[in-house]
Each structure stands twice: as C-alpha cells, then as structure tokens.
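File shown: entry08.cif. Contents: mmCIF, C-alpha atoms.
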data_my_file
#
loop_
_atom_site.group_PDB
_atom_site.id
_atom_site.type_symbol
_atom_site.label_atom_id
_atom_site.label_comp_id
_atom_site.auth_asym_id
_atom_site.auth_seq_id
_atom_site.Cartn_x
_atom_site.Cartn_y
_atom_site.Cartn_z
ATOM 1 C CA MET O 1 0.215 1.140 38.663
ATOM 2 C CA ARG O 2 0.618 0.859 34.924
ATOM 3 C CA GLY O 3 4.270 1.814 34.644
ATOM 4 C CA TRP O 4 6.167 4.131 32.344
ATOM 5 C CA PHE O 5 4.844 2.927 28.960
ATOM 6 C CA PRO O 6 1.298 3.788 27.820
ATOM 7 C CA HIS O 7 -1.197 0.994 27.434
ATOM 8 C CA PRO O 8 -0.969 -0.531 23.912
ATOM 9 C CA ARG O 9 -4.646 0.070 23.165
ATOM 10 C CA GLU O 10 -4.465 3.797 23.848
ATOM 11 C CA LYS O 11 -4.796 6.085 20.853
ATOM 12 C CA GLY O 12 -1.518 6.715 19.049
ATOM 13 C CA ASN O 13 -0.015 3.312 19.904
ATOM 14 C CA PRO O 14 -2.004 0.664 17.981
ATOM 15 C CA ILE O 15 0.789 -1.946 17.856
ATOM 16 C CA PRO O 16 2.759 -2.544 21.028
ATOM 17 C CA ALA O 17 6.487 -2.351 20.428
ATOM 18 C CA ARG O 18 8.735 -4.933 21.961
ATOM 19 C CA ARG O 19 10.572 -3.372 24.857
ATOM 20 C CA ARG O 20 14.336 -3.606 24.717
ATOM 21 C CA SER O 21 15.676 -6.473 26.761
ATOM 22 C CA THR O 22 19.197 -7.504 27.663
ATOM 23 C CA GLY O 23 19.047 -10.814 25.814
ATOM 24 C CA GLY O 24 16.888 -13.014 23.670
ATOM 25 C CA ARG O 25 15.885 -13.067 20.037
ATOM 26 C CA ARG O 26 15.755 -10.016 17.825
ATOM 27 C CA ALA O 27 13.376 -9.897 14.904
ATOM 28 C CA VAL O 28 15.268 -9.428 11.658
ATOM 29 C CA LYS O 29 14.491 -9.930 7.998
ATOM 30 C CA HIS O 30 16.946 -11.051 5.335
ATOM 31 C CA HIS O 31 16.584 -9.598 1.838
ATOM 32 C CA LEU O 32 18.363 -11.743 -0.738
ATOM 33 C CA ILE O 33 19.212 -11.504 -4.416
ATOM 34 C CA CYS O 34 20.650 -14.556 -6.168
ATOM 35 C CA ASP O 35 21.385 -15.796 -9.663
ATOM 36 C CA ARG O 36 19.320 -18.380 -11.535
ATOM 37 C CA HIS O 37 21.251 -21.227 -9.906
ATOM 38 C CA GLY O 38 20.617 -20.028 -6.349
ATOM 39 C CA THR O 39 24.064 -18.585 -5.642
ATOM 40 C CA PRO O 40 23.595 -15.658 -3.234
ATOM 41 C CA LEU O 41 24.915 -12.408 -4.683
ATOM 42 C CA LYS O 42 23.827 -9.888 -2.051
ATOM 43 C CA VAL O 43 22.107 -10.163 1.338
ATOM 44 C CA ILE O 44 20.820 -7.243 3.383
ATOM 45 C CA THR O 45 19.676 -7.589 6.992
ATOM 46 C CA THR O 46 16.994 -5.194 8.257
ATOM 47 C CA ALA O 47 14.646 -4.986 11.191
ATOM 48 C CA ALA O 48 11.482 -7.041 10.821
ATOM 49 C CA ASN O 49 9.251 -3.980 10.594
ATOM 50 C CA VAL O 50 11.015 -2.491 7.526
ATOM 51 C CA ASN O 51 9.082 -2.665 4.260
ATOM 52 C CA ASP O 52 10.538 -4.979 1.618
ATOM 53 C CA VAL O 53 10.157 -2.432 -1.151
ATOM 54 C CA THR O 54 12.737 -0.106 0.426
ATOM 55 C CA GLN O 55 15.476 -2.704 -0.179
ATOM 56 C CA THR O 56 14.900 -3.302 -3.911
ATOM 57 C CA LEU O 57 17.407 -0.813 -5.294
ATOM 58 C CA PRO O 58 20.117 -1.404 -2.636
ATOM 59 C CA LEU O 59 20.019 -5.116 -3.504
ATOM 60 C CA VAL O 60 20.398 -4.424 -7.216
ATOM 61 C CA ASP O 61 23.155 -1.870 -6.608
ATOM 62 C CA GLY O 62 25.041 -4.305 -4.381
ATOM 63 C CA ILE O 63 25.460 -7.018 -7.010
ATOM 64 C CA PRO O 64 29.189 -7.637 -7.585
ATOM 65 C CA PRO O 65 30.630 -7.801 -11.128
ATOM 66 C CA VAL O 66 30.070 -11.182 -12.751
ATOM 67 C CA ALA O 67 32.619 -12.623 -15.174
ATOM 68 C CA GLY O 68 31.357 -13.731 -18.545
ATOM 69 C CA ARG O 69 32.215 -12.905 -22.119
ATOM 70 C CA PRO O 70 35.406 -10.975 -22.860
ATOM 71 C CA GLY O 71 35.071 -7.280 -22.232
ATOM 72 C CA GLN O 72 33.656 -5.316 -19.361
ATOM 73 C CA PRO O 73 31.938 -7.513 -16.726
ATOM 74 C CA ARG O 74 28.159 -7.201 -16.561
ATOM 75 C CA ARG O 75 27.034 -5.551 -13.338
ATOM 76 C CA ARG O 76 23.270 -5.830 -13.580
ATOM 77 C CA PRO O 77 20.841 -8.651 -14.254
ATOM 78 C CA GLU O 78 18.628 -8.811 -17.331
ATOM 79 C CA ALA O 79 15.478 -9.443 -15.280
ATOM 80 C CA LEU O 80 14.488 -9.187 -11.626
ATOM 81 C CA LEU O 81 11.920 -11.561 -10.111
ATOM 82 C CA GLY O 82 10.198 -10.460 -6.943
ATOM 83 C CA ASP O 83 7.148 -11.137 -4.826
ATOM 84 C CA LYS O 84 4.384 -8.685 -3.982
ATOM 85 C CA GLY O 85 6.385 -7.132 -1.154
ATOM 86 C CA TYR O 86 8.673 -5.471 -3.712
ATOM 87 C CA ASP O 87 5.853 -3.957 -5.786
ATOM 88 C CA ALA O 88 6.216 -0.194 -6.331
ATOM 89 C CA ASN O 89 5.815 1.777 -9.544
ATOM 90 C CA ALA O 90 8.743 4.066 -8.754
ATOM 91 C CA HIS O 91 11.093 1.104 -8.370
ATOM 92 C CA ARG O 92 9.718 -0.518 -11.517
ATOM 93 C CA ASP O 93 10.496 2.655 -13.461
ATOM 94 C CA GLU O 94 13.987 2.867 -11.957
ATOM 95 C CA LEU O 95 14.681 -0.770 -12.865
ATOM 96 C CA ARG O 96 13.518 -0.170 -16.447
ATOM 97 C CA HIS O 97 15.745 2.922 -16.570
ATOM 98 C CA ARG O 98 18.657 0.627 -15.628
ATOM 99 C CA ARG O 99 17.626 -1.776 -18.440
ATOM 100 C CA ILE O 100 16.390 -4.445 -15.997
ATOM 101 C CA LEU O 101 13.048 -6.114 -16.707
ATOM 102 C CA PRO O 102 10.964 -6.155 -13.482
ATOM 103 C CA ILE O 103 8.856 -9.316 -13.111
ATOM 104 C CA ILE O 104 7.009 -8.524 -9.896
ATOM 105 C CA SER O 105 3.429 -9.470 -9.041
ATOM 106 C CA ARG O 106 1.129 -6.545 -8.329
ATOM 107 C CA LYS O 107 -0.511 -6.168 -4.938
ATOM 108 C CA GLY O 108 -4.204 -7.011 -4.968
ATOM 109 C CA SER O 109 -4.020 -9.098 -8.148
ATOM 110 C CA PRO O 110 -3.372 -12.799 -8.762
ATOM 111 C CA ASN O 111 0.227 -13.949 -8.985
ATOM 112 C CA ILE O 112 1.968 -14.060 -12.341
ATOM 113 C CA LYS O 113 1.516 -17.535 -13.792
ATOM 114 C CA GLY O 114 4.695 -19.576 -13.467
ATOM 115 C CA LEU O 115 6.424 -17.112 -11.145
ATOM 116 C CA GLY O 116 6.316 -19.623 -8.280
ATOM 117 C CA LYS O 117 8.471 -22.066 -10.232
ATOM 118 C CA LEU O 118 11.052 -19.346 -10.806
ATOM 119 C CA ARG O 119 10.903 -18.003 -7.242
ATOM 120 C CA TYR O 120 11.558 -21.512 -5.937
ATOM 121 C CA VAL O 121 15.285 -20.896 -6.482
ATOM 122 C CA VAL O 122 15.211 -17.896 -4.144
ATOM 123 C CA GLU O 123 13.202 -19.747 -1.511
ATOM 124 C CA GLN O 124 15.650 -22.664 -1.704
ATOM 125 C CA THR O 125 18.544 -20.235 -1.144
ATOM 126 C CA PHE O 126 16.728 -18.809 1.893
ATOM 127 C CA ALA O 127 16.350 -22.368 3.192
ATOM 128 C CA LEU O 128 20.084 -22.980 2.728
ATOM 129 C CA LEU O 129 20.850 -19.717 4.506
ATOM 130 C CA HIS O 130 18.575 -20.548 7.435
ATOM 131 C CA HIS O 131 20.053 -24.031 7.824
ATOM 132 C CA PHE O 132 22.588 -22.129 9.893
ATOM 133 C CA LYS O 133 20.555 -21.868 13.094
ATOM 134 C CA ARG O 134 22.426 -18.786 14.220
ATOM 135 C CA LEU O 135 20.918 -16.911 11.255
ATOM 136 C CA ALA O 136 17.397 -18.309 11.572
ATOM 137 C CA VAL O 137 17.221 -17.068 15.171
ATOM 138 C CA ARG O 138 19.323 -13.989 15.795
ATOM 139 C CA TRP O 139 20.929 -14.022 19.222
ATOM 140 C CA GLU O 140 23.681 -11.457 18.650
ATOM 141 C CA CYS O 141 23.214 -8.013 20.103
ATOM 142 C CA ARG O 142 25.490 -6.380 17.552
ATOM 143 C CA THR O 143 24.356 -6.038 13.952
ATOM 144 C CA ASP O 144 27.889 -6.195 12.555
ATOM 145 C CA LEU O 145 28.415 -9.654 14.094
ATOM 146 C CA HIS O 146 25.158 -10.917 12.602
ATOM 147 C CA ASP O 147 26.112 -9.514 9.182
ATOM 148 C CA ALA O 148 29.491 -11.254 9.459
ATOM 149 C CA PHE O 149 27.743 -14.579 10.100
ATOM 150 C CA VAL O 150 25.462 -13.938 7.111
ATOM 151 C CA SER O 151 28.505 -13.285 4.902
ATOM 152 C CA LEU O 152 30.190 -16.419 6.193
ATOM 153 C CA ALA O 153 27.067 -18.492 5.481
ATOM 154 C CA CYS O 154 26.851 -17.087 1.929
ATOM 155 C CA SER O 155 30.529 -17.902 1.409
ATOM 156 C CA LEU O 156 29.941 -21.485 2.577
ATOM 157 C CA ILE O 157 26.955 -21.846 0.242
ATOM 158 C CA CYS O 158 29.043 -20.596 -2.704
ATOM 159 C CA TRP O 159 31.966 -22.857 -1.764
ATOM 160 C CA ARG O 160 29.700 -25.905 -1.588
ATOM 161 C CA ARG O 161 28.313 -25.082 -5.031
ATOM 162 C CA LEU O 162 31.805 -24.756 -6.496
ATOM 163 C CA ARG O 163 33.032 -27.949 -4.821
ATOM 164 C CA LYS O 164 30.104 -29.980 -6.125
ATOM 165 C CA PRO O 165 31.211 -32.062 -9.164
ATOM 166 C CA LYS O 166 29.338 -31.328 -12.370
ATOM 167 C CA ASN O 167 27.841 -34.244 -14.259
ATOM 168 C CA GLY O 168 28.246 -34.194 -18.007
#
Reformat the file's structure so that it appears as structure tokens.
Amino acid sequence: MRGWFPHPREKGNPIPARRRSTGGRRAVKHHLICDRHGTPLKVITTAANVNDVTQTLPLVDGIPPVAGRPGQPRRRPEALLGDKGYDANAHRDELRHRRILPIISRKGSPNIKGLGKLRYVVEQTFALLHHFKRLAVRWECRTDLHDAFVSLACSLICWRRLRKPKNG
C-alpha cells in the first residue's frame, strides 16, 4: 500500500515535498543587507523554497535610519549590490525610482566584473552569522524564536565591531 500521499513521480507533483515531522532541521534561507563594512542592517528569514527576488524591496525598506551629516538621517543606500537571484526588471525600476543604483548581475549573462570583490563583504557577514550553529541549522519549531536568535546574532556582530579598537 502506497499510503496517503501520491507518488512523487506522478503528474502534478514533480518535486516531492518534505513531510512535516515533529522534530529535526527546517530548511530556511537568510536574506541579508549590510553596509560596506559588513555590519548587518536587516535580515529576513524565509522558507528555502522562496525566490530571492521577492525579498529585495522588503530588505531595502527595512533599513534603519543611519546617522551621518547634520540634518535628516539618510534612510536608503546610494547603491545596492546583489547576485543573480535578485535580478528582476520591476525591482530595478523601483530601486531607480527610490534613487538607488541597482548593481545586479543579469541572469544568463556573465557576472559584472569586480562584483565578486564587493560581494565578499556580504558573504563574510553571512559567514559571521552562521558561526552561530543554531542559525546555520535551524532546530526551532517556532519562527519567532529563530528570528529572535538571528536578531541576537546580528546584535553580537555589531557589538564586536564597535568594541574592536581602530588603528590610526
């Protein structure tokens, strides 16, 4: 007897979905936006099967005000670097409308020359975030607990950057 679920190779179900279990790992994806020094500004946690491009504008909208010159704090970055997963013409147009320069490689074309050197900062921040094993492998059943641990990890990363003595 095959059971309640249809066979994965039957028409209409090309990719077998993981059946809900009482424990174990859950597949999640972290979407991160950081400044040029690698300080995390906003992190969004989604399911692993969610497209990256859907999180572009929520990341940009979630950036907190940054102090700088006297006057009103700047709320948006001057440029946004992204990989091919964030490539969409509608989002490019929306970013330009918000006066943000999108620097995103197009799908199906070679990468923008030198973008890897700039994206290294983001990848390094992901590595710092996933040094916390609880975030690299999600064991919590509740999403709000996982998001709290992500916020705590980002706070620790920021605190370590502030505590680090500056040379010069």
Atomic separation - atom CA of O:Val60 relative to atom CA of O:Asn89, Å: 16.0 Å
Neighbour list for stretch 69-86 of chain O as a PyMOL selection string, cut-off 12 Å, only C-alpha atoms, skip fewer than 4 positions in-chain: chain O and resi 31-36+41+50-57+59-65+90-92+95-112+114-123
Spatial neighbours of O:Leu152, 12 Å, all atoms listed in the file, chain gap at least 6 places, as a list in words: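 So, after excluding close chain neighbours, the residues are Pro40, Val43, Leu129, Phe132, Arg134, Leu135, Leu145, His146, Cys158 and Trp159 of chain O.
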Straight-line distance linking atom CA of O:Ser155 with atom CA of O:Ala27, stated in Å to one decimal: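 Straight-line distance from atom CA of O:Ser155 to atom CA of O:Ala27 works out to 23.2 Å.
Rounded to one decimal, atom CA of O:Gln124 and atom CA of O:His37 lie 10.0 Å from each other.
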Residue among O:Pro58, O:Asp87, O:Leu156, O:Val150 lying closest to O:Val137, counting all atoms listed in the file: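 Looking at the shortest contact to O:Val137, the residue is O:Val150.
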Where atoms are missing, can you supply N, CA, C and O atoms for stretch 80-95 of chain O and output the lot as a PDB file, keeping the file's coordinate frame?
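Result written to out-v4.pdb:
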ATOM      1  N   LEU O  80      14.552  -9.091 -13.083  1.00  0.00           N
ATOM      2  CA  LEU O  80      14.488  -9.187 -11.626  1.00  0.00           C
ATOM      3  C   LEU O  80      13.131  -9.768 -11.248  1.00  0.00           C
ATOM      4  O   LEU O  80      12.095  -9.194 -11.574  1.00  0.00           O
ATOM      5  N   LEU O  81      13.147 -10.926 -10.585  1.00  0.00           N
ATOM      6  CA  LEU O  81      11.920 -11.561 -10.111  1.00  0.00           C
ATOM      7  C   LEU O  81      11.704 -11.167  -8.661  1.00  0.00           C
ATOM      8  O   LEU O  81      12.645 -11.183  -7.870  1.00  0.00           O
ATOM      9  N   GLY O  82      10.483 -10.823  -8.322  1.00  0.00           N
ATOM     10  CA  GLY O  82      10.198 -10.460  -6.943  1.00  0.00           C
ATOM     11  C   GLY O  82       8.769 -10.780  -6.572  1.00  0.00           C
ATOM     12  O   GLY O  82       7.901 -10.928  -7.438  1.00  0.00           O
ATOM     13  N   ASP O  83       8.512 -10.888  -5.270  1.00  0.00           N
ATOM     14  CA  ASP O  83       7.148 -11.137  -4.826  1.00  0.00           C
ATOM     15  C   ASP O  83       6.439  -9.809  -4.611  1.00  0.00           C
ATOM     16  O   ASP O  83       6.968  -8.740  -4.888  1.00  0.00           O
ATOM     17  N   LYS O  84       5.216  -9.880  -4.098  1.00  0.00           N
ATOM     18  CA  LYS O  84       4.384  -8.685  -3.982  1.00  0.00           C
ATOM     19  C   LYS O  84       4.930  -7.656  -3.001  1.00  0.00           C
ATOM     20  O   LYS O  84       4.567  -6.499  -3.056  1.00  0.00           O
ATOM     21  N   GLY O  85       5.801  -8.075  -2.107  1.00  0.00           N
ATOM     22  CA  GLY O  85       6.385  -7.132  -1.154  1.00  0.00           C
ATOM     23  C   GLY O  85       7.282  -6.099  -1.808  1.00  0.00           C
ATOM     24  O   GLY O  85       7.540  -5.044  -1.243  1.00  0.00           O
ATOM     25  N   TYR O  86       7.767  -6.377  -3.009  1.00  0.00           N
ATOM     26  CA  TYR O  86       8.673  -5.471  -3.712  1.00  0.00           C
ATOM     27  C   TYR O  86       7.961  -4.684  -4.801  1.00  0.00           C
ATOM     28  O   TYR O  86       8.604  -4.111  -5.664  1.00  0.00           O
ATOM     29  N   ASP O  87       6.638  -4.633  -4.762  1.00  0.00           N
ATOM     30  CA  ASP O  87       5.853  -3.957  -5.786  1.00  0.00           C
ATOM     31  C   ASP O  87       5.757  -2.463  -5.502  1.00  0.00           C
ATOM     32  O   ASP O  87       5.182  -2.047  -4.499  1.00  0.00           O
ATOM     33  N   ALA O  88       6.338  -1.655  -6.387  1.00  0.00           N
ATOM     34  CA  ALA O  88       6.216  -0.194  -6.331  1.00  0.00           C
ATOM     35  C   ALA O  88       6.503   0.352  -7.725  1.00  0.00           C
ATOM     36  O   ALA O  88       7.484  -0.040  -8.368  1.00  0.00           O
ATOM     37  N   ASN O  89       5.651   1.244  -8.191  1.00  0.00           N
ATOM     38  CA  ASN O  89       5.815   1.777  -9.544  1.00  0.00           C
ATOM     39  C   ASN O  89       7.110   2.567  -9.696  1.00  0.00           C
ATOM     40  O   ASN O  89       7.743   2.522 -10.746  1.00  0.00           O
ATOM     41  N   ALA O  90       7.512   3.285  -8.657  1.00  0.00           N
ATOM     42  CA  ALA O  90       8.743   4.066  -8.754  1.00  0.00           C
ATOM     43  C   ALA O  90       9.956   3.154  -8.940  1.00  0.00           C
ATOM     44  O   ALA O  90      10.852   3.449  -9.740  1.00  0.00           O
ATOM     45  N   HIS O  91       9.969   2.035  -8.237  1.00  0.00           N
ATOM     46  CA  HIS O  91      11.093   1.104  -8.370  1.00  0.00           C
ATOM     47  C   HIS O  91      11.041   0.364  -9.700  1.00  0.00           C
ATOM     48  O   HIS O  91      12.085   0.059 -10.286  1.00  0.00           O
ATOM     49  N   ARG O  92       9.831   0.088 -10.184  1.00  0.00           N
ATOM     50  CA  ARG O  92       9.718  -0.518 -11.517  1.00  0.00           C
ATOM     51  C   ARG O  92      10.309   0.406 -12.579  1.00  0.00           C
ATOM     52  O   ARG O  92      11.045  -0.035 -13.459  1.00  0.00           O
ATOM     53  N   ASP O  93       9.974   1.691 -12.498  1.00  0.00           N
ATOM     54  CA  ASP O  93      10.496   2.655 -13.461  1.00  0.00           C
ATOM     55  C   ASP O  93      12.012   2.773 -13.364  1.00  0.00           C
ATOM     56  O   ASP O  93      12.707   2.860 -14.382  1.00  0.00           O
ATOM     57  N   GLU O  94      12.531   2.772 -12.140  1.00  0.00           N
ATOM     58  CA  GLU O  94      13.987   2.867 -11.957  1.00  0.00           C
ATOM     59  C   GLU O  94      14.687   1.627 -12.500  1.00  0.00           C
ATOM     60  O   GLU O  94      15.763   1.726 -13.112  1.00  0.00           O
ATOM     61  N   LEU O  95      14.095   0.449 -12.313  1.00  0.00           N
ATOM     62  CA  LEU O  95      14.681  -0.770 -12.865  1.00  0.00           C
ATOM     63  C   LEU O  95      14.667  -0.747 -14.389  1.00  0.00           C
ATOM     64  O   LEU O  95      15.644  -1.139 -15.036  1.00  0.00           O
TER      65      LEU O  95
END
